[in-house]
>>> print(open('my_file35.pdb').read())   # PDB, C-alpha atoms
ATOM      1  CA  MET P  49       6.469 -14.318 -23.531
ATOM      2  CA  LYS P  50       7.669 -16.649 -20.795
ATOM      3  CA  THR P  51      10.541 -15.229 -18.859
ATOM      4  CA  SER P  52      12.954 -16.993 -16.539
ATOM      5  CA  ALA P  53      12.826 -16.516 -12.789
ATOM      6  CA  SER P  54      16.103 -14.598 -12.944
ATOM      7  CA  ASP P  55      14.754 -12.256 -15.671
ATOM      8  CA  ASN P  56      11.674 -11.626 -13.560
ATOM      9  CA  GLN P  57      13.871 -10.887 -10.578
ATOM     10  CA  GLN P  58      15.988  -8.483 -12.589
ATOM     11  CA  ILE P  59      12.875  -6.695 -13.860
ATOM     12  CA  ASP P  60      11.651  -6.461 -10.252
ATOM     13  CA  CYS P  61      14.945  -4.953  -9.122
ATOM     14  CA  TYR P  62      14.812  -2.499 -12.038
ATOM     15  CA  LEU P  63      11.240  -1.440 -11.260
ATOM     16  CA  LEU P  64      11.948  -1.186  -7.526
ATOM     17  CA  GLN P  65      15.092   0.848  -8.286
ATOM     18  CA  GLN P  66      17.311  -1.698  -6.573
ATOM     19  CA  LEU P  67      19.795  -2.248  -9.404
ATOM     20  CA  PRO P  68      23.306  -0.863  -8.929
ATOM     21  CA  ALA P  69      24.061   1.988 -11.386
ATOM     22  CA  GLY P  70      26.201  -0.181 -13.690
ATOM     23  CA  ASP P  71      23.638  -2.990 -13.852
ATOM     24  CA  LYS P  72      20.895  -0.454 -14.534
ATOM     25  CA  LEU P  73      22.792   0.892 -17.544
ATOM     26  CA  VAL P  74      23.218  -2.633 -18.901
ATOM     27  CA  PHE P  75      19.544  -3.362 -18.336
ATOM     28  CA  ASP P  76      18.509  -0.103 -20.050
ATOM     29  CA  ALA P  77      20.549  -1.198 -23.059
ATOM     30  CA  LYS P  78      18.891  -4.642 -23.016
ATOM     31  CA  LEU P  79      15.472  -2.975 -22.992
ATOM     32  CA  MET P  80      16.384  -0.942 -26.059
ATOM     33  CA  LEU P  81      17.667  -3.986 -27.903
ATOM     34  CA  CYS P  82      14.871  -6.354 -26.949
ATOM     35  CA  PRO P  83      11.313  -5.089 -27.466
ATOM     36  CA  GLU P  84       9.893  -8.310 -25.943
ATOM     37  CA  LEU P  85      11.773  -7.714 -22.712
ATOM     38  CA  LYS P  86      10.563  -4.102 -22.663
ATOM     39  CA  ASP P  87       7.003  -5.280 -23.207
ATOM     40  CA  THR P  88       7.316  -7.796 -20.349
ATOM     41  CA  MET P  89       8.774  -5.092 -18.100
ATOM     42  CA  GLU P  90       5.878  -2.730 -18.844
ATOM     43  CA  TRP P  91       3.283  -5.397 -17.982
ATOM     44  CA  GLN P  92       5.194  -6.282 -14.842
ATOM     45  CA  ARG P  93       5.122  -2.583 -13.894
ATOM     46  CA  LYS P  94       1.328  -2.689 -14.218
ATOM     47  CA  VAL P  95       1.198  -5.749 -11.933
ATOM     48  CA  HIS P  96       3.273  -3.853  -9.363
ATOM     49  CA  GLN P  97       0.864  -0.908  -9.548
ATOM     50  CA  LEU P  98      -2.209  -3.119  -9.220
ATOM     51  CA  ILE P  99      -0.720  -4.964  -6.243
ATOM     52  CA  GLN P 100       0.210  -1.637  -4.614
ATOM     53  CA  LEU P 101      -3.337  -0.418  -5.124
ATOM     54  CA  ARG P 102      -4.841  -3.643  -3.731
ATOM     55  CA  GLY P 103      -2.511  -3.554  -0.733
ATOM     56  CA  ARG P 104      -3.412   0.038   0.043
ATOM     57  CA  GLN P 105      -7.150  -0.661  -0.328
ATOM     58  CA  GLN P 106      -6.894  -3.586   2.103
ATOM     59  CA  LEU P 107      -4.864  -1.570   4.597
ATOM     60  CA  LYS P 108      -7.436   1.237   4.493
ATOM     61  CA  ALA P 109     -10.242  -1.277   5.036
ATOM     62  CA  GLN P 110      -8.401  -2.698   8.038
ATOM     63  CA  ILE P 111      -7.852   0.784   9.487
ATOM     64  CA  LYS P 112     -11.591   1.420   9.040
ATOM     65  CA  THR P 113     -12.356  -1.790  10.966
ATOM     66  CA  VAL P 114     -10.080  -0.672  13.813
ATOM     67  CA  GLU P 115     -11.688   2.784  13.761
ATOM     68  CA  GLN P 116     -15.140   1.200  14.080
ATOM     69  CA  MET P 117     -13.898  -0.913  16.994
ATOM     70  CA  VAL P 118     -12.586   2.013  19.024
ATOM     71  CA  PHE P 119     -15.651   4.130  18.259
ATOM     72  CA  SER P 120     -18.190   1.448  19.171
ATOM     73  CA  GLN P 121     -16.921  -1.194  21.597
ATOM     74  CA  PRO P 122     -17.522  -0.698  25.345
ATOM     75  CA  GLU P 123     -13.889  -1.183  26.365
ATOM     76  CA  TYR P 124     -12.927   1.991  24.496
ATOM     77  CA  SER P 125     -15.527   4.261  26.131
ATOM     78  CA  SER P 126     -12.939   6.413  27.944
ATOM     79  CA  PHE P 127     -11.074   6.850  24.651
ATOM     80  CA  ARG P 128     -14.315   7.976  22.983
ATOM     81  CA  GLN P 129     -15.113  10.404  25.782
ATOM     82  CA  LYS P 130     -11.667  11.956  25.460
ATOM     83  CA  ILE P 131     -12.108  12.402  21.709
ATOM     84  CA  SER P 132     -15.673  13.719  22.026
ATOM     85  CA  ARG P 133     -14.523  16.404  24.479
ATOM     86  CA  LEU P 134     -11.923  17.613  21.979
ATOM     87  CA  PHE P 135     -14.657  18.348  19.439
ATOM     88  CA  GLY P 136     -17.224  19.570  21.971
ATOM     89  CA  LEU P 137     -19.525  16.634  21.200
TER      90      LEU P 137
ATOM     91  CA  MET M 236      -7.834 -13.876   9.563
ATOM     92  CA  THR M 237      -4.181 -14.884   9.026
ATOM     93  CA  THR M 238      -1.547 -14.427  11.719
ATOM     94  CA  MET M 239      -0.075 -11.569   9.740
ATOM     95  CA  GLU M 240      -3.449  -9.805   9.448
ATOM     96  CA  GLN M 241      -4.067 -10.293  13.165
ATOM     97  CA  GLN M 242      -0.641  -8.873  14.002
ATOM     98  CA  ARG M 243      -1.288  -5.863  11.804
ATOM     99  CA  GLU M 244      -4.701  -5.292  13.350
ATOM    100  CA  ASP M 245      -3.170  -5.382  16.848
ATOM    101  CA  TRP M 246      -0.491  -2.919  15.730
ATOM    102  CA  LEU M 247      -3.092  -0.584  14.192
ATOM    103  CA  LEU M 248      -5.248  -0.776  17.306
ATOM    104  CA  LYS M 249      -2.297   0.118  19.519
ATOM    105  CA  LEU M 250      -1.446   3.079  17.290
ATOM    106  CA  TYR M 251      -5.072   4.207  17.091
ATOM    107  CA  THR M 252      -5.520   4.353  20.850
ATOM    108  CA  SER M 253      -2.105   5.877  21.537
ATOM    109  CA  ALA M 254      -1.656   8.339  18.669
ATOM    110  CA  PHE M 255      -5.131   9.377  17.509
ATOM    111  CA  PRO M 256      -5.940  11.609  20.531
ATOM    112  CA  ALA M 257      -2.964  13.914  19.819
ATOM    113  CA  VAL M 258      -3.879  14.089  16.119
ATOM    114  CA  ALA M 259      -7.541  14.781  16.965
ATOM    115  CA  GLN M 260      -6.500  17.538  19.365
ATOM    116  CA  TYR M 261      -4.353  19.166  16.674
ATOM    117  CA  ILE M 262      -7.081  18.970  14.015
ATOM    118  CA  SER M 263      -9.695  20.261  16.453
ATOM    119  CA  ARG M 264      -7.511  23.265  17.382
ATOM    120  CA  HIS M 265      -7.003  24.034  13.706
ATOM    121  CA  GLY M 266     -10.644  24.118  12.752
ATOM    122  CA  GLY M 267     -11.273  20.534  11.678
ATOM    123  CA  ASN M 268     -14.018  18.164  12.756
ATOM    124  CA  LEU M 269     -13.922  14.539  13.894
ATOM    125  CA  ASP M 270     -14.436  13.106  10.402
ATOM    126  CA  ALA M 271     -11.545  15.178   9.080
ATOM    127  CA  ALA M 272      -9.359  13.923  11.942
ATOM    128  CA  LYS M 273     -10.261  10.300  11.125
ATOM    129  CA  ASP M 274      -9.490  10.818   7.420
ATOM    130  CA  ILE M 275      -6.153  12.501   8.106
ATOM    131  CA  PHE M 276      -5.198   9.798  10.604
ATOM    132  CA  GLN M 277      -6.043   7.052   8.106
ATOM    133  CA  GLU M 278      -3.775   8.641   5.495
ATOM    134  CA  ALA M 279      -1.026   9.091   8.084
ATOM    135  CA  LEU M 280      -1.228   5.426   9.086
ATOM    136  CA  VAL M 281      -0.964   4.307   5.439
ATOM    137  CA  ILE M 282       2.140   6.459   4.914
ATOM    138  CA  TYR M 283       3.641   5.259   8.171
ATOM    139  CA  TYR M 284       2.960   1.579   7.369
ATOM    140  CA  GLU M 285       4.417   1.804   3.858
ATOM    141  CA  LYS M 286       7.559   3.516   5.118
ATOM    142  CA  ALA M 287       7.929   1.073   8.006
ATOM    143  CA  VAL M 288       7.686  -2.099   5.902
ATOM    144  CA  ALA M 289       9.980  -0.646   3.249
ATOM    145  CA  GLY M 290      12.613  -0.032   5.923
ATOM    146  CA  ASN M 291      12.580   3.715   5.208
ATOM    147  CA  LEU M 292      11.970   4.807   8.769
ATOM    148  CA  GLN M 293      14.646   6.208  10.991
ATOM    149  CA  LEU M 294      12.692   6.962  14.109
ATOM    150  CA  THR M 295      14.335   9.576  16.281
ATOM    151  CA  HIS M 296      11.081  10.138  18.198
ATOM    152  CA  SER M 297       8.218   7.885  19.252
ATOM    153  CA  GLU M 298       5.746   6.365  16.768
ATOM    154  CA  LYS M 299       3.128   8.697  18.222
ATOM    155  CA  ALA M 300       5.264  11.795  17.555
ATOM    156  CA  TYR M 301       6.061  10.586  14.038
ATOM    157  CA  LEU M 302       2.393  10.016  13.215
ATOM    158  CA  LEU M 303       1.495  13.443  14.593
ATOM    159  CA  GLY M 304       4.185  14.963  12.363
ATOM    160  CA  ILE M 305       2.779  13.244   9.254
ATOM    161  CA  ALA M 306      -0.769  14.269  10.222
ATOM    162  CA  LYS M 307       0.257  17.933  10.657
ATOM    163  CA  HIS M 308       1.883  17.848   7.246
ATOM    164  CA  LEU M 309      -1.207  16.273   5.640
ATOM    165  CA  TRP M 310      -3.530  18.749   7.362
ATOM    166  CA  TYR M 311      -1.422  21.705   6.237
ATOM    167  CA  HIS M 312      -1.490  20.494   2.626
ATOM    168  CA  ALA M 313      -5.217  19.743   2.776
ATOM    169  CA  GLN M 314      -5.817  23.308   3.960
ATOM    170  CA  GLN M 315      -3.544  24.786   1.317
ATOM    171  CA  LYS M 316      -5.260  22.744  -1.360
ATOM    172  CA  GLN M 317      -8.637  23.905  -0.186
ATOM    173  CA  LYS M 318      -7.465  27.523  -0.237
ATOM    174  CA  SER M 319      -5.662  27.558  -3.533
ATOM    175  CA  HIS M 320      -6.987  24.509  -5.387
ATOM    176  CA  LEU M 321      -3.400  23.863  -6.417
ATOM    177  CA  SER M 322      -2.247  20.353  -7.140
ATOM    178  CA  HIS M 323       0.252  19.000  -4.670
ATOM    179  CA  ASP M 324       2.326  15.990  -3.861
ATOM    180  CA  VAL M 325       2.402  15.071  -0.201
ATOM    181  CA  LEU M 326       5.424  13.198   1.061
ATOM    182  CA  ASN M 327       5.849  11.533  -2.336
ATOM    183  CA  TYR M 328       2.774   9.548  -1.405
ATOM    184  CA  THR M 329       0.409  10.294  -4.243
ATOM    185  CA  GLU M 330       2.237   8.411  -6.961
ATOM    186  CA  LEU M 331      -0.842   6.231  -7.421
ATOM    187  CA  PRO M 332      -4.210   7.709  -8.295
ATOM    188  CA  GLU M 333      -6.733   7.765  -5.502
ATOM    189  CA  GLU M 334      -9.247   4.960  -5.695
ATOM    190  CA  GLU M 335     -12.191   7.205  -6.410
ATOM    191  CA  LEU M 336     -10.376   8.716  -9.380
ATOM    192  CA  LEU M 337      -9.568   5.371 -10.925
ATOM    193  CA  ILE M 338     -11.232   4.542 -14.137
ATOM    194  CA  PRO M 339     -13.733   1.674 -13.858
ATOM    195  CA  SER M 340     -11.613  -0.850 -15.747
ATOM    196  CA  THR M 341      -8.949  -0.902 -13.013
ATOM    197  CA  GLY M 342     -11.519  -1.945 -10.442
ATOM    198  CA  ARG M 343     -12.929  -4.501 -12.890
ATOM    199  CA  LEU M 344      -9.467  -5.891 -13.529
ATOM    200  CA  LEU M 345      -8.699  -6.206  -9.815
ATOM    201  CA  ARG M 346     -11.983  -8.044  -9.243
ATOM    202  CA  TYR M 347     -11.231 -10.368 -12.164
ATOM    203  CA  LEU M 348      -7.733 -11.150 -10.838
ATOM    204  CA  GLU M 349      -9.194 -11.764  -7.384
ATOM    205  CA  ALA M 350     -11.666 -14.277  -8.804
ATOM    206  CA  ALA M 351      -9.060 -15.906 -11.044
ATOM    207  CA  GLY M 352      -6.571 -16.503  -8.253
ATOM    208  CA  LYS M 353      -6.878 -14.933  -4.821
ATOM    209  CA  LYS M 354      -3.989 -16.935  -3.401
ATOM    210  CA  CYS M 355      -1.588 -15.632  -6.046
ATOM    211  CA  MET M 356      -2.754 -12.066  -5.464
ATOM    212  CA  ASP M 357      -2.289 -12.540  -1.715
ATOM    213  CA  MET M 358       1.209 -13.892  -2.236
ATOM    214  CA  LEU M 359       2.261 -11.093  -4.580
ATOM    215  CA  GLN M 360       0.817  -8.550  -2.167
ATOM    216  CA  ALA M 361       2.740 -10.125   0.729
ATOM    217  CA  PHE M 362       5.937  -9.737  -1.283
ATOM    218  CA  TYR M 363       5.491  -6.406  -3.085
ATOM    219  CA  TYR M 364       3.309  -4.411  -0.683
ATOM    220  CA  ASP M 365       3.870  -5.890   2.771
ATOM    221  CA  LYS M 366       7.535  -6.514   1.921
ATOM    222  CA  GLN M 367       7.626  -9.916   3.580
ATOM    223  CA  ASN M 368      10.685 -12.056   2.924
ATOM    224  CA  MET M 369      10.532 -15.533   1.386
ATOM    225  CA  ARG M 370      10.800 -17.288   4.756
ATOM    226  CA  GLU M 371       7.752 -15.394   6.055
ATOM    227  CA  ILE M 372       5.871 -16.027   2.811
ATOM    228  CA  ALA M 373       6.649 -19.762   2.976
ATOM    229  CA  GLU M 374       5.330 -19.884   6.527
ATOM    230  CA  GLN M 375       2.199 -17.856   5.778
ATOM    231  CA  PHE M 376       1.259 -19.853   2.684
ATOM    232  CA  GLY M 377       2.150 -23.278   4.049
ATOM    233  CA  LEU M 378       5.070 -23.901   1.675
ATOM    234  CA  SER M 379       8.019 -26.113   2.482
ATOM    235  CA  GLY M 380      10.654 -23.378   2.484
ATOM    236  CA  GLU M 381      12.126 -20.265   0.889
ATOM    237  CA  ARG M 382      13.002 -22.033  -2.358
ATOM    238  CA  SER M 383       9.468 -23.280  -2.802
ATOM    239  CA  ALA M 384       8.105 -19.800  -2.003
ATOM    240  CA  THR M 385      10.426 -18.231  -4.597
ATOM    241  CA  VAL M 386       9.267 -20.682  -7.280
ATOM    242  CA  GLN M 387       5.612 -20.154  -6.385
ATOM    243  CA  LYS M 388       5.967 -16.371  -6.416
ATOM    244  CA  HIS M 389       7.599 -16.556  -9.883
ATOM    245  CA  LYS M 390       4.696 -18.678 -11.177
ATOM    246  CA  CYS M 391       2.165 -16.282  -9.680
ATOM    247  CA  LEU M 392       3.874 -13.280 -11.220
ATOM    248  CA  GLU M 393       3.817 -14.930 -14.650
ATOM    249  CA  LYS M 394       0.177 -15.915 -14.272
ATOM    250  CA  VAL M 395      -1.018 -12.517 -13.076
ATOM    251  CA  ARG M 396       1.079 -10.631 -15.639
ATOM    252  CA  ASP M 397      -0.392 -12.746 -18.461
ATOM    253  CA  LYS M 398      -3.920 -12.202 -17.181
ATOM    254  CA  VAL M 399      -3.390  -8.448 -16.824
ATOM    255  CA  LYS M 400      -2.102  -8.279 -20.388
ATOM    256  CA  GLU M 401      -4.940 -10.407 -21.740
ATOM    257  CA  LYS M 402      -7.704  -8.495 -19.951
ATOM    258  CA  ALA M 403      -6.231  -5.011 -20.206
ATOM    259  CA  LEU M 404      -6.124  -5.255 -23.963
ATOM    260  CA  THR M 405      -9.875  -5.821 -23.968
ATOM    261  CA  TYR M 406     -10.547  -2.681 -21.886
ATOM    262  CA  GLU M 407     -10.390   0.367 -24.070
ATOM    263  CA  ASP M 408     -10.061   2.682 -21.102
ATOM    264  CA  PHE M 409      -7.465   0.663 -19.217
ATOM    265  CA  CYS M 410      -4.791   2.810 -17.666
ATOM    266  CA  ILE M 411      -3.265   3.036 -14.189
TER     267      ILE M 411
END
>>> encode(input="my_file35.pdb", output="structure tokens")
Amino acid sequence: MKTSASDNQQIDCYLLQQLPAGDKLVFDAKLMLCPELKDTMEWQRKVHQLIQLRGRQQLKAQIKTVEQMVFSQPEYSSFRQKISRLFGL
Amino acid sequence: MTTMEQQREDWLLKLYTSAFPAVAQYISRHGGNLDAAKDIFQEALVIYYEKAVAGNLQLTHSEKAYLLGIAKHLWYHAQQKQKSHLSHDVLNYTELPEEELLIPSTGRLLRYLEAAGKKCMDMLQAFYYDKQNMREIAEQFGLSGERSATVQKHKCLEKVRDKVKEKALTYEDFCI
């Protein structure tokens, strides 16, 4: 089902819990009355979850890169010494 | 690397050098080793980043103090979990399953979406995960303005949603 940009935006707001209480009630009613809209919303929820997962994976990879920099590059040797002393290394 | 990625790397580097020593000292004094300190700090940075971009941070102390607070909380819960093997929910953070617990089809689906349209995935991630506004997205993706970015993001959402639906229905074990 193709949805309009404004429908997509409303689904986004619903999923991100950004709809005012009154609008949320109206949207809940729409979902009950329109199975196609509910179906679209559920798939959009899955896209949100996948994007969240991808974003978190990429952030973790970037943190790992930074960790490798500070634990290997010469300019961070005093940092490494400080950390090594804490663990008696 | 994009400007945004470079900015984030600089930010992470600054936080790593300023805040990690205090976290490492705390973990060391409470019986943990260096690897445990690195793991806890990584989780703390993810929580901190997600709260910061979502605008849910009201810092009354320094970033360093805030990160140490999150790390102490995570360490406490990790210790409790180890002791009791009870399930827990840390800082409302674990709403998504950890990557290693994900069923294979989720990873397969992400790889498929990546191959089918990396630019769309990048744009949706900029909007939904990094919480960039349309002006920033237009600039990052070389679009003429906010209106063009909004249209493009709508098209990407439609495309990715259709692909997720199409592929997910072919994976018997699909579930996230």
>>> interface_residues(input="my_file35.pdb", of="chain P", to="chain M", cutoff="9 Å", atoms="only C-alpha atoms", output="ChimeraX atom specification")
/P:49-53,56-57,88,91-92,94-105,107-108,110-115,117-118,124,127,130-132,134-135
>>> resolve_selection(input="my_file35.pdb", expression="the PyMOL selection byres ((chain M and resi 371) around 10)", output="list of chain:residue names")
M:Met239, M:Ala361, M:Phe362, M:Lys366, M:Gln367, M:Asn368, M:Met369, M:Arg370, M:Ile372, M:Ala373, M:Glu374, M:Gln375, M:Phe376, M:Gly377, M:Leu378, M:Gly380, M:Glu381, M:Ala384
>>> resolve_selection(input="my_file35.pdb", expression="the PyMOL selection byres ((chain M and resi 303) around 9)", output="NGL selection string")
:M and (254-255 or 257-258 or 261 or 276 or 279 or 298-302 or 304-308)
>>> axis_aligned_box(input="my_file35.pdb", around="segment 275-280 of chain M", padding_each_side="5 Å", output="JSON")
{"center_x": -3.6, "center_y": 9.0, "center_z": 8.0, "size_x": 15.1, "size_y": 17.1, "size_z": 15.1}
>>> build_atoms(input="my_file35.pdb", residues="segment 99-116 of chain P", atoms="N, CA and C atoms", output="PDB file, in the coordinates of the input")
ATOM      1  N   ILE P  99      -0.946  -4.359  -7.560  1.00  0.00           N
ATOM      2  CA  ILE P  99      -0.720  -4.964  -6.243  1.00  0.00           C
ATOM      3  C   ILE P  99      -0.600  -3.866  -5.178  1.00  0.00           C
ATOM      4  N   GLN P 100       0.070  -2.784  -5.531  1.00  0.00           N
ATOM      5  CA  GLN P 100       0.210  -1.637  -4.614  1.00  0.00           C
ATOM      6  C   GLN P 100      -1.170  -1.073  -4.274  1.00  0.00           C
ATOM      7  N   LEU P 101      -1.982  -0.950  -5.310  1.00  0.00           N
ATOM      8  CA  LEU P 101      -3.337  -0.418  -5.124  1.00  0.00           C
ATOM      9  C   LEU P 101      -4.171  -1.352  -4.240  1.00  0.00           C
ATOM     10  N   ARG P 102      -4.092  -2.656  -4.514  1.00  0.00           N
ATOM     11  CA  ARG P 102      -4.841  -3.643  -3.731  1.00  0.00           C
ATOM     12  C   ARG P 102      -4.367  -3.625  -2.271  1.00  0.00           C
ATOM     13  N   GLY P 103      -3.056  -3.573  -2.090  1.00  0.00           N
ATOM     14  CA  GLY P 103      -2.511  -3.554  -0.733  1.00  0.00           C
ATOM     15  C   GLY P 103      -2.984  -2.347   0.050  1.00  0.00           C
ATOM     16  N   ARG P 104      -2.983  -1.199  -0.621  1.00  0.00           N
ATOM     17  CA  ARG P 104      -3.412   0.038   0.043  1.00  0.00           C
ATOM     18  C   ARG P 104      -4.917   0.004   0.361  1.00  0.00           C
ATOM     19  N   GLN P 105      -5.695  -0.548  -0.584  1.00  0.00           N
ATOM     20  CA  GLN P 105      -7.150  -0.661  -0.328  1.00  0.00           C
ATOM     21  C   GLN P 105      -7.402  -1.545   0.885  1.00  0.00           C
ATOM     22  N   GLN P 106      -6.674  -2.662   0.977  1.00  0.00           N
ATOM     23  CA  GLN P 106      -6.894  -3.586   2.103  1.00  0.00           C
ATOM     24  C   GLN P 106      -6.431  -2.973   3.415  1.00  0.00           C
ATOM     25  N   LEU P 107      -5.337  -2.232   3.371  1.00  0.00           N
ATOM     26  CA  LEU P 107      -4.864  -1.570   4.597  1.00  0.00           C
ATOM     27  C   LEU P 107      -5.895  -0.545   5.070  1.00  0.00           C
ATOM     28  N   LYS P 108      -6.426   0.232   4.127  1.00  0.00           N
ATOM     29  CA  LYS P 108      -7.436   1.237   4.493  1.00  0.00           C
ATOM     30  C   LYS P 108      -8.681   0.581   5.079  1.00  0.00           C
ATOM     31  N   ALA P 109      -9.068  -0.565   4.511  1.00  0.00           N
ATOM     32  CA  ALA P 109     -10.242  -1.277   5.036  1.00  0.00           C
ATOM     33  C   ALA P 109      -9.966  -1.766   6.458  1.00  0.00           C
ATOM     34  N   GLN P 110      -8.748  -2.212   6.696  1.00  0.00           N
ATOM     35  CA  GLN P 110      -8.401  -2.698   8.038  1.00  0.00           C
ATOM     36  C   GLN P 110      -8.361  -1.531   9.045  1.00  0.00           C
ATOM     37  N   ILE P 111      -7.865  -0.392   8.606  1.00  0.00           N
ATOM     38  CA  ILE P 111      -7.852   0.784   9.487  1.00  0.00           C
ATOM     39  C   ILE P 111      -9.298   1.182   9.824  1.00  0.00           C
ATOM     40  N   LYS P 112     -10.176   1.088   8.829  1.00  0.00           N
ATOM     41  CA  LYS P 112     -11.591   1.420   9.040  1.00  0.00           C
ATOM     42  C   LYS P 112     -12.207   0.468  10.083  1.00  0.00           C
ATOM     43  N   THR P 113     -11.848  -0.804   9.996  1.00  0.00           N
ATOM     44  CA  THR P 113     -12.356  -1.790  10.966  1.00  0.00           C
ATOM     45  C   THR P 113     -11.906  -1.421  12.385  1.00  0.00           C
ATOM     46  N   VAL P 114     -10.628  -1.052  12.506  1.00  0.00           N
ATOM     47  CA  VAL P 114     -10.080  -0.672  13.813  1.00  0.00           C
ATOM     48  C   VAL P 114     -10.779   0.601  14.320  1.00  0.00           C
ATOM     49  N   GLU P 115     -11.000   1.534  13.395  1.00  0.00           N
ATOM     50  CA  GLU P 115     -11.688   2.784  13.761  1.00  0.00           C
ATOM     51  C   GLU P 115     -13.086   2.469  14.309  1.00  0.00           C
ATOM     52  N   GLN P 116     -13.792   1.564  13.620  1.00  0.00           N
ATOM     53  CA  GLN P 116     -15.140   1.200  14.080  1.00  0.00           C
ATOM     54  C   GLN P 116     -15.081   0.518  15.449  1.00  0.00           C
TER      55      GLN P 116
END
